Amino acid sequence: GDSVTQMEGPVTLSEEAFLTINCTYTATGYPSLFWYVQYPGEGLQLLLKATKADDKGSNKGFEATYRKETTSFHLEKGSVQVSDSAVYFCALSIQGAQKLVFGQGTRLTINP
Amino acid sequence: DAGITQSPRHKVTETGTPVTLRCHQTENHRYMYWYRQDPGHGLRLIHYSYGVKDTDKGEVSDGYSVSRSKTEDFLLTLESATSSQTSVYFCAINPGGSSYNEQFFGPGTRLTVL
């Protein structure tokens, strides 16, 4: 079945460090890929998305590129801030299925 | 702001009691979803709806039922709550029913079953 695997957390970095959170997927069709972010005590917010191979999603300094050959959608940011501390979820959706499949989430903590 | 509210936001109940959680949206979107969030599992789909009185099961539907009698409200019911249903529950909507299935989430309900 369709599934998403994220790197194990928690991840702790210092402010201004480079961030990578790995995400790989298994899908039977041609999925759309998403990153969601959850700040403490809140619901999930869509951070970025990519709907076809080689698309790059970007938002708030975060980027992720849809790599079909490696079935990956890694999240990156060049210089993190304390305010980026949150839980990040990678997710996929198969066209027509009207459902999202989530990874287990990666907790990120940024220290000043 | 996707115009989604959930009620209650927090609830503590005892094993064996019925519990109903409400999700309300203000923009008449067709697709609505209920998820539960547990450590190490991410979000898992319980049930979803694709219109009034049209619902389907997700991957963890056992012990849960849903109803949608109006476009704006999607109710999740635990007929007889168990401790394994202690979780944070999120409602979501799909604003376009699009092929990309972009979803937007409510603030969540934290349920504790003692």
# chains A, B, ... in the order shown; residues from 1 in each chain; ligands from 1
call {"tool": "residues_around", "arguments": {"residues": "range 89-98 of chain B", "least_positions_apart": "2", "cutoff": "9 Å", "atoms": "only C-alpha atoms", "output": "PyMOL selection string"}}
result
(chain A and resi 43-44+95-96+98) or (chain B and resi 2+4-6+21-25+27-37+43+50+74+87+100-111)
call {"tool": "residues_around", "arguments": {"residues": "range 26-34 of chain A", "least_positions_apart": "2", "cutoff": "8 Å", "atoms": "only C-alpha atoms", "output": "PyMOL selection string"}}
result
(chain A and resi 1-4+24+36+46-52+66+71+73+90-95) or (chain B and resi 100)
call {"tool": "write_last_selection", "arguments": {"atoms": "C-alpha atoms", "output": "PDB file, in the first residue's frame"}}
result
ATOM      1  CA  GLY A   1       0.000   0.000   0.000  1.00  0.00           C
ATOM      2  CA  ASP A   2       0.886   3.656  -0.128  1.00  0.00           C
ATOM      3  CA  SER A   3       3.163   4.857   2.652  1.00  0.00           C
ATOM      4  CA  VAL A   4       5.448   7.681   3.759  1.00  0.00           C
ATOM      5  CA  THR A  24      10.602   8.927   1.122  1.00  0.00           C
ATOM      6  CA  TYR A  36       2.661  20.145   6.782  1.00  0.00           C
ATOM      7  CA  LEU A  46       0.123  23.260   4.788  1.00  0.00           C
ATOM      8  CA  LEU A  47       3.732  24.384   4.334  1.00  0.00           C
ATOM      9  CA  LEU A  48       4.361  23.474   0.696  1.00  0.00           C
ATOM     10  CA  LYS A  49       3.400  21.025  -2.011  1.00  0.00           C
ATOM     11  CA  ALA A  50       4.503  19.530  -5.328  1.00  0.00           C
ATOM     12  CA  THR A  51       2.181  17.791  -7.731  1.00  0.00           C
ATOM     13  CA  LYS A  52       4.484  16.213 -10.333  1.00  0.00           C
ATOM     14  CA  TYR A  66       9.705  15.973  -5.929  1.00  0.00           C
ATOM     15  CA  THR A  71      10.877   8.502  -4.462  1.00  0.00           C
ATOM     16  CA  PHE A  73      10.602  14.753  -1.060  1.00  0.00           C
ATOM     17  CA  CYS A  90       5.367  14.636   5.036  1.00  0.00           C
ATOM     18  CA  ALA A  91       2.264  13.368   3.236  1.00  0.00           C
ATOM     19  CA  LEU A  92       1.147  12.029  -0.114  1.00  0.00           C
ATOM     20  CA  SER A  93      -2.092  11.860  -2.009  1.00  0.00           C
ATOM     21  CA  ILE A  94      -2.954   9.659  -4.936  1.00  0.00           C
ATOM     22  CA  GLN A  95      -4.967  11.386  -7.630  1.00  0.00           C
TER      23      GLN A  95
ATOM     24  CA  TYR B 100      -4.336  17.166  -5.560  1.00  0.00           C
TER      25      TYR B 100
END
call {"tool": "select_by_dssp", "arguments": {"residues": "chain A", "states": "strand (DSSP E)", "output": "PyMOL selection string"}}
result
chain A and resi 3-6+11-14+19-21+23-26+31-38+44-50+56-59+62-65+75-77+86-94+101-102+106-111
call {"tool": "residues_around", "arguments": {"residues": "Ser72 in chain A", "least_positions_apart": "5", "cutoff": "9 Å", "atoms": "only C-alpha atoms", "output": "PyMOL selection string"}}
result
chain A and resi 22-25+65-67
call {"tool": "write_last_selection", "arguments": {"atoms": "C-alpha atoms", "output": "mmCIF file, in the first residue's frame"}}
result
data_model
loop_
_atom_site.group_PDB
_atom_site.id
_atom_site.type_symbol
_atom_site.label_atom_id
_atom_site.label_comp_id
_atom_site.auth_asym_id
_atom_site.auth_seq_id
_atom_site.Cartn_x
_atom_site.Cartn_y
_atom_site.Cartn_z
ATOM 1 C CA ASN A 22 14.222 13.316 4.864
ATOM 2 C CA CYS A 23 11.006 11.923 3.418
ATOM 3 C CA THR A 24 10.602 8.927 1.122
ATOM 4 C CA TYR A 25 7.426 7.406 -0.185
ATOM 5 C CA THR A 65 11.812 18.877 -4.655
ATOM 6 C CA TYR A 66 9.705 15.973 -5.929
ATOM 7 C CA ARG A 67 12.250 13.312 -6.958
#
call {"tool": "atom_distance", "arguments": {"atom1": "CA of Gln81 in chain A", "atom2": "CA of Trp35 in chain A"}}
result
17.9 Å
call {"tool": "residues_around", "arguments": {"residues": "Lys53 in chain B", "least_positions_apart": "3", "cutoff": "7 Å", "atoms": "only C-alpha atoms", "output": "list in words"}}
result
Ser67, Arg68 and Ser69 of chain B
call {"tool": "write_last_selection", "arguments": {"atoms": "N, CA and C atoms", "output": "compact mmCIF listing (two decimals), in the first residue's frame"}}
result
# COMPACT_ATOMS: atom_id res chain seq x y z
N SER B 67 -21.50 11.03 11.21
CA SER B 67 -22.73 11.45 10.56
C SER B 67 -22.54 12.83 9.96
N ARG B 68 -23.23 13.04 8.85
CA ARG B 68 -23.19 14.34 8.20
C ARG B 68 -24.58 14.62 7.64
N SER B 69 -25.37 15.32 8.41
CA SER B 69 -26.74 15.65 8.02
C SER B 69 -26.83 17.03 7.38
call {"tool": "residues_around", "arguments": {"residues": "Pro39 in chain B", "least_positions_apart": "5", "cutoff": "12 Å", "atoms": "only C-alpha atoms", "output": "ChimeraX atom specification"}}
result
/A:9-10,87,103-107 /B:44,86-88
call {"tool": "closest_residue", "arguments": {"among": "B:Thr112, B:Gly51, B:Leu76, B:Lys70", "to": "Thr26 in chain B", "atoms": "only C-alpha atoms"}}
result
B:Lys70
call {"tool": "atom_distance", "arguments": {"atom1": "CA of Thr109 in chain A", "atom2": "CA of Val11 in chain A"}}
result
6.2 Å
call {"tool": "atom_distance", "arguments": {"atom1": "CA of Phe62 in chain A", "atom2": "CA of Met7 in chain A"}}
result
16.8 Å
call {"tool": "closest_residue", "arguments": {"among": "B:Ser84, B:Thr77, B:Ser49, B:Ser61", "to": "chain A", "atoms": "only C-alpha atoms"}}
result
B:Ser49
call {"tool": "closest_residue", "arguments": {"among": "A:Ser58, A:Gln45, A:Ser83, A:Thr12", "to": "chain B", "atoms": "only C-alpha atoms"}}
result
A:Gln45
call {"tool": "decode", "arguments": {"residues": "range 3-111 of chain A", "atoms": "C-alpha atoms", "output": "PDB file, in the first residue's frame"}}
result
ATOM      1  CA  SER A   3       3.163   4.857   2.652  1.00  0.00           C
ATOM      2  CA  VAL A   4       5.448   7.681   3.759  1.00  0.00           C
ATOM      3  CA  THR A   5       8.621   7.325   5.812  1.00  0.00           C
ATOM      4  CA  GLN A   6      10.264  10.283   7.543  1.00  0.00           C
ATOM      5  CA  MET A   7      13.573  10.515   9.296  1.00  0.00           C
ATOM      6  CA  GLU A   8      13.453   9.733  12.976  1.00  0.00           C
ATOM      7  CA  GLY A   9      13.318  12.622  15.361  1.00  0.00           C
ATOM      8  CA  PRO A  10      13.660  14.580  17.400  1.00  0.00           C
ATOM      9  CA  VAL A  11      16.023  16.873  15.541  1.00  0.00           C
ATOM     10  CA  THR A  12      17.788  19.628  17.462  1.00  0.00           C
ATOM     11  CA  LEU A  13      19.732  22.401  15.708  1.00  0.00           C
ATOM     12  CA  SER A  14      21.204  25.762  16.527  1.00  0.00           C
ATOM     13  CA  GLU A  15      19.773  28.925  15.042  1.00  0.00           C
ATOM     14  CA  GLU A  16      21.024  29.670  11.492  1.00  0.00           C
ATOM     15  CA  ALA A  17      21.942  26.015  10.863  1.00  0.00           C
ATOM     16  CA  PHE A  18      21.010  24.209   7.650  1.00  0.00           C
ATOM     17  CA  LEU A  19      18.019  21.907   7.908  1.00  0.00           C
ATOM     18  CA  THR A  20      17.197  18.709   6.066  1.00  0.00           C
ATOM     19  CA  ILE A  21      14.319  16.418   7.012  1.00  0.00           C
ATOM     20  CA  ASN A  22      14.222  13.316   4.864  1.00  0.00           C
ATOM     21  CA  CYS A  23      11.006  11.923   3.418  1.00  0.00           C
ATOM     22  CA  THR A  24      10.602   8.927   1.122  1.00  0.00           C
ATOM     23  CA  TYR A  25       7.426   7.406  -0.185  1.00  0.00           C
ATOM     24  CA  THR A  26       5.899   4.308  -1.714  1.00  0.00           C
ATOM     25  CA  ALA A  27       2.934   4.807  -4.004  1.00  0.00           C
ATOM     26  CA  THR A  28       1.087   2.817  -6.628  1.00  0.00           C
ATOM     27  CA  GLY A  29       0.113   5.791  -8.766  1.00  0.00           C
ATOM     28  CA  TYR A  30       1.415   9.296  -9.338  1.00  0.00           C
ATOM     29  CA  PRO A  31       1.136  11.045  -5.984  1.00  0.00           C
ATOM     30  CA  SER A  32       1.063  14.660  -5.022  1.00  0.00           C
ATOM     31  CA  LEU A  33       3.418  15.397  -2.126  1.00  0.00           C
ATOM     32  CA  PHE A  34       3.018  17.753   0.805  1.00  0.00           C
ATOM     33  CA  TRP A  35       4.799  19.063   3.848  1.00  0.00           C
ATOM     34  CA  TYR A  36       2.661  20.145   6.782  1.00  0.00           C
ATOM     35  CA  VAL A  37       3.852  21.914   9.939  1.00  0.00           C
ATOM     36  CA  GLN A  38       2.286  21.742  13.397  1.00  0.00           C
ATOM     37  CA  TYR A  39       3.210  24.401  15.953  1.00  0.00           C
ATOM     38  CA  PRO A  40       2.663  23.576  19.641  1.00  0.00           C
ATOM     39  CA  GLY A  41      -1.008  23.340  20.563  1.00  0.00           C
ATOM     40  CA  GLU A  42      -2.211  23.954  17.010  1.00  0.00           C
ATOM     41  CA  GLY A  43      -3.543  22.048  14.039  1.00  0.00           C
ATOM     42  CA  LEU A  44      -1.563  21.222  10.931  1.00  0.00           C
ATOM     43  CA  GLN A  45      -0.796  23.918   8.387  1.00  0.00           C
ATOM     44  CA  LEU A  46       0.123  23.260   4.788  1.00  0.00           C
ATOM     45  CA  LEU A  47       3.732  24.384   4.334  1.00  0.00           C
ATOM     46  CA  LEU A  48       4.361  23.474   0.696  1.00  0.00           C
ATOM     47  CA  LYS A  49       3.400  21.025  -2.011  1.00  0.00           C
ATOM     48  CA  ALA A  50       4.503  19.530  -5.328  1.00  0.00           C
ATOM     49  CA  THR A  51       2.181  17.791  -7.731  1.00  0.00           C
ATOM     50  CA  LYS A  52       4.484  16.213 -10.333  1.00  0.00           C
ATOM     51  CA  ALA A  53       8.019  14.959 -10.744  1.00  0.00           C
ATOM     52  CA  ASP A  54      10.786  17.600 -10.572  1.00  0.00           C
ATOM     53  CA  ASP A  55       8.404  20.224  -9.158  1.00  0.00           C
ATOM     54  CA  LYS A  56       9.873  22.306  -6.339  1.00  0.00           C
ATOM     55  CA  GLY A  57       7.564  23.512  -3.599  1.00  0.00           C
ATOM     56  CA  SER A  58       8.665  26.490  -1.519  1.00  0.00           C
ATOM     57  CA  ASN A  59       7.314  28.656   1.281  1.00  0.00           C
ATOM     58  CA  LYS A  60       8.757  30.685   4.187  1.00  0.00           C
ATOM     59  CA  GLY A  61      12.305  29.770   3.173  1.00  0.00           C
ATOM     60  CA  PHE A  62      11.560  26.047   3.089  1.00  0.00           C
ATOM     61  CA  GLU A  63      11.962  24.026  -0.097  1.00  0.00           C
ATOM     62  CA  ALA A  64      11.336  20.463  -1.233  1.00  0.00           C
ATOM     63  CA  THR A  65      11.812  18.877  -4.655  1.00  0.00           C
ATOM     64  CA  TYR A  66       9.705  15.973  -5.929  1.00  0.00           C
ATOM     65  CA  ARG A  67      12.250  13.312  -6.958  1.00  0.00           C
ATOM     66  CA  LYS A  68      10.515  10.443  -8.726  1.00  0.00           C
ATOM     67  CA  GLU A  69      13.736   8.501  -9.381  1.00  0.00           C
ATOM     68  CA  THR A  70      14.524   8.309  -5.654  1.00  0.00           C
ATOM     69  CA  THR A  71      10.877   8.502  -4.462  1.00  0.00           C
ATOM     70  CA  SER A  72      11.845  11.331  -2.147  1.00  0.00           C
ATOM     71  CA  PHE A  73      10.602  14.753  -1.060  1.00  0.00           C
ATOM     72  CA  HIS A  74      13.188  16.041   1.426  1.00  0.00           C
ATOM     73  CA  LEU A  75      12.480  19.298   3.261  1.00  0.00           C
ATOM     74  CA  GLU A  76      15.304  21.869   3.407  1.00  0.00           C
ATOM     75  CA  LYS A  77      15.914  25.329   4.809  1.00  0.00           C
ATOM     76  CA  GLY A  78      19.150  27.227   4.566  1.00  0.00           C
ATOM     77  CA  SER A  79      19.036  29.050   7.914  1.00  0.00           C
ATOM     78  CA  VAL A  80      16.579  28.011  10.605  1.00  0.00           C
ATOM     79  CA  GLN A  81      15.118  30.230  13.285  1.00  0.00           C
ATOM     80  CA  VAL A  82      13.821  29.516  16.775  1.00  0.00           C
ATOM     81  CA  SER A  83      10.320  30.123  15.419  1.00  0.00           C
ATOM     82  CA  ASP A  84      10.714  27.091  13.104  1.00  0.00           C
ATOM     83  CA  SER A  85      10.500  24.777  16.121  1.00  0.00           C
ATOM     84  CA  ALA A  86       7.541  22.514  15.374  1.00  0.00           C
ATOM     85  CA  VAL A  87       6.559  19.053  14.193  1.00  0.00           C
ATOM     86  CA  TYR A  88       6.849  18.497  10.434  1.00  0.00           C
ATOM     87  CA  PHE A  89       4.791  15.930   8.524  1.00  0.00           C
ATOM     88  CA  CYS A  90       5.367  14.636   5.036  1.00  0.00           C
ATOM     89  CA  ALA A  91       2.264  13.368   3.236  1.00  0.00           C
ATOM     90  CA  LEU A  92       1.147  12.029  -0.114  1.00  0.00           C
ATOM     91  CA  SER A  93      -2.092  11.860  -2.009  1.00  0.00           C
ATOM     92  CA  ILE A  94      -2.954   9.659  -4.936  1.00  0.00           C
ATOM     93  CA  GLN A  95      -4.967  11.386  -7.630  1.00  0.00           C
ATOM     94  CA  GLY A  96      -8.633  10.569  -7.284  1.00  0.00           C
ATOM     95  CA  ALA A  97      -8.248   8.854  -3.924  1.00  0.00           C
ATOM     96  CA  GLN A  98      -9.278  11.946  -1.930  1.00  0.00           C
ATOM     97  CA  LYS A  99      -7.131  10.818   0.993  1.00  0.00           C
ATOM     98  CA  LEU A 100      -3.820  11.854   2.508  1.00  0.00           C
ATOM     99  CA  VAL A 101      -1.258   9.379   3.848  1.00  0.00           C
ATOM    100  CA  PHE A 102       1.051  10.849   6.488  1.00  0.00           C
ATOM    101  CA  GLY A 103       4.490  10.046   7.738  1.00  0.00           C
ATOM    102  CA  GLN A 104       4.992   9.747  11.479  1.00  0.00           C
ATOM    103  CA  GLY A 105       6.197  13.326  11.906  1.00  0.00           C
ATOM    104  CA  THR A 106       9.589  14.802  12.846  1.00  0.00           C
ATOM    105  CA  ARG A 107       9.901  17.074  15.867  1.00  0.00           C
ATOM    106  CA  LEU A 108      12.323  19.941  15.249  1.00  0.00           C
ATOM    107  CA  THR A 109      13.758  22.097  18.025  1.00  0.00           C
ATOM    108  CA  ILE A 110      15.883  25.143  17.255  1.00  0.00           C
ATOM    109  CA  ASN A 111      18.055  26.518  20.056  1.00  0.00           C
TER     110      ASN A 111
END
